[in-house]
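Read the structure below first, then the notes.
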Amino acid sequence: MMTQRISSMDWMLKDLAAGVPQTRHVIVLSADGLCVAQYGAETDTADRLAAACAGLQSLAGAVAAELPRSEGRMRLVVIEMDGGFFYLMAAGDGSYLAVLADEGVDAGLMGAQMRNLVTRMGDHLSSPPRHDGQPA
């Protein structure tokens with residue numbers, strides 16, 4: 001069951017937050033915008049971020065498709081805004097890792113730690129496609 005598999009990721013998300021000062025929220029989401037794991041965020045906040053990420057990854061994929069040698073897949077999106085940064089990284093088949101961090105965050109360290117986390121989590125981050133609102 002997906003819930004059991006995802007709940008085992010809590011400590012990994014906590015490690016990312018603890019390893020990169022200024023990290024505020026860490027979430028894992030499915031391509032359809034459902035939060036499947038979180039650290040440091042209230043449930044409502046994590047759900048709003050996950051929903052926004054679904055649109056963002058779709059937009060990034062559409063832009064990537066305009067590159068001649070691109071397969072149209074998004075790998076990493078970074079948004080700098082007043083007060084901080086937002087990171088969205090492809091993390092597995094149909095899954096994404098998202099981080100919201102304060103403006104003092106070390107961007108290089110964040111990128112490296114996110115890549116390391118995606119590698120460590122491997123199959124845990126794969127999210128099967130949904131059929132009629134249910135996981136396959």
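Every chain in the structure tokens has a letter given in the order shown (A, B, ...), and although residue numbers restart at 1 in each chain, ligands are simply numbered from 1 in the order shown.
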
Legend entry - 8 Å contact set for A:Cys35, only C-alpha atoms, chain neighbours under 4 positions out, as a PyMOL selection string: chain A and resi 27-30+46-47+50-51

Write to file, as a PDB file, in the first residue's frame, the residues of the selection just made, with N, CA and C atoms.
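Ended up saving to selection.pdb:
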```pdb
ATOM      1  N   ILE A  27       8.131  18.515   0.787  1.00  0.00           N
ATOM      2  CA  ILE A  27       7.010  17.639   0.461  1.00  0.00           C
ATOM      3  C   ILE A  27       7.347  16.756  -0.734  1.00  0.00           C
ATOM      4  N   VAL A  28       6.693  15.628  -0.787  1.00  0.00           N
ATOM      5  CA  VAL A  28       6.734  14.739  -1.943  1.00  0.00           C
ATOM      6  C   VAL A  28       5.314  14.705  -2.477  1.00  0.00           C
ATOM      7  N   LEU A  29       5.175  14.853  -3.791  1.00  0.00           N
ATOM      8  CA  LEU A  29       3.854  14.879  -4.384  1.00  0.00           C
ATOM      9  C   LEU A  29       3.794  14.014  -5.621  1.00  0.00           C
ATOM     10  N   SER A  30       2.593  13.600  -5.952  1.00  0.00           N
ATOM     11  CA  SER A  30       2.363  12.868  -7.183  1.00  0.00           C
ATOM     12  C   SER A  30       2.165  13.879  -8.314  1.00  0.00           C
ATOM     13  N   ALA A  46       0.857  21.888   2.990  1.00  0.00           N
ATOM     14  CA  ALA A  46       1.434  20.869   2.108  1.00  0.00           C
ATOM     15  C   ALA A  46       0.498  20.579   0.937  1.00  0.00           C
ATOM     16  N   ASP A  47      -0.794  20.504   1.191  1.00  0.00           N
ATOM     17  CA  ASP A  47      -1.758  20.242   0.123  1.00  0.00           C
ATOM     18  C   ASP A  47      -1.807  21.386  -0.888  1.00  0.00           C
ATOM     19  N   ALA A  50       1.424  21.216  -2.956  1.00  0.00           N
ATOM     20  CA  ALA A  50       1.375  20.087  -3.890  1.00  0.00           C
ATOM     21  C   ALA A  50       0.495  20.411  -5.093  1.00  0.00           C
ATOM     22  N   ALA A  51      -0.640  21.026  -4.849  1.00  0.00           N
ATOM     23  CA  ALA A  51      -1.537  21.394  -5.951  1.00  0.00           C
ATOM     24  C   ALA A  51      -0.877  22.412  -6.872  1.00  0.00           C
TER      25      ALA A  51
END
```

Legend entry - Spatial neighbours of stretch 114-122 of chain A, 7 Å, only C-alpha atoms, chain gap at least 3 places, as a PyMOL selection string: chain A and resi 91-92+110-111+125

Legend entry - Nearest residue to A:Leu76 from the set A:Ala101, A:Gly40, A:Arg48, A:Ala112 (distances using only C-alpha atoms):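 Looking only at the distances to A:Leu76, the closest residue turns out to be A:Ala112.
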
Inset, instruction - Mind giving me the straight-line distance from atom CA of A:Met89 to atom CA of A:His25 in Å, one decimal? - result: 14.0 Å

Inset, instruction - Extract the full set of alpha helix (DSSP H) residues from stretch 23-125 of chain A according to DSSP on the backbone, and format it as a ChimeraX atom specification. - result: /A:43-64,107-121

Inset, instruction - Measuring atom to atom with only C-alpha atoms, identify which of A:Leu109, A:Leu34, A:Leu16, A:Leu88 is nearest to A:Leu56. - result: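 So, comparing all the options, the nearest one is A:Leu88.
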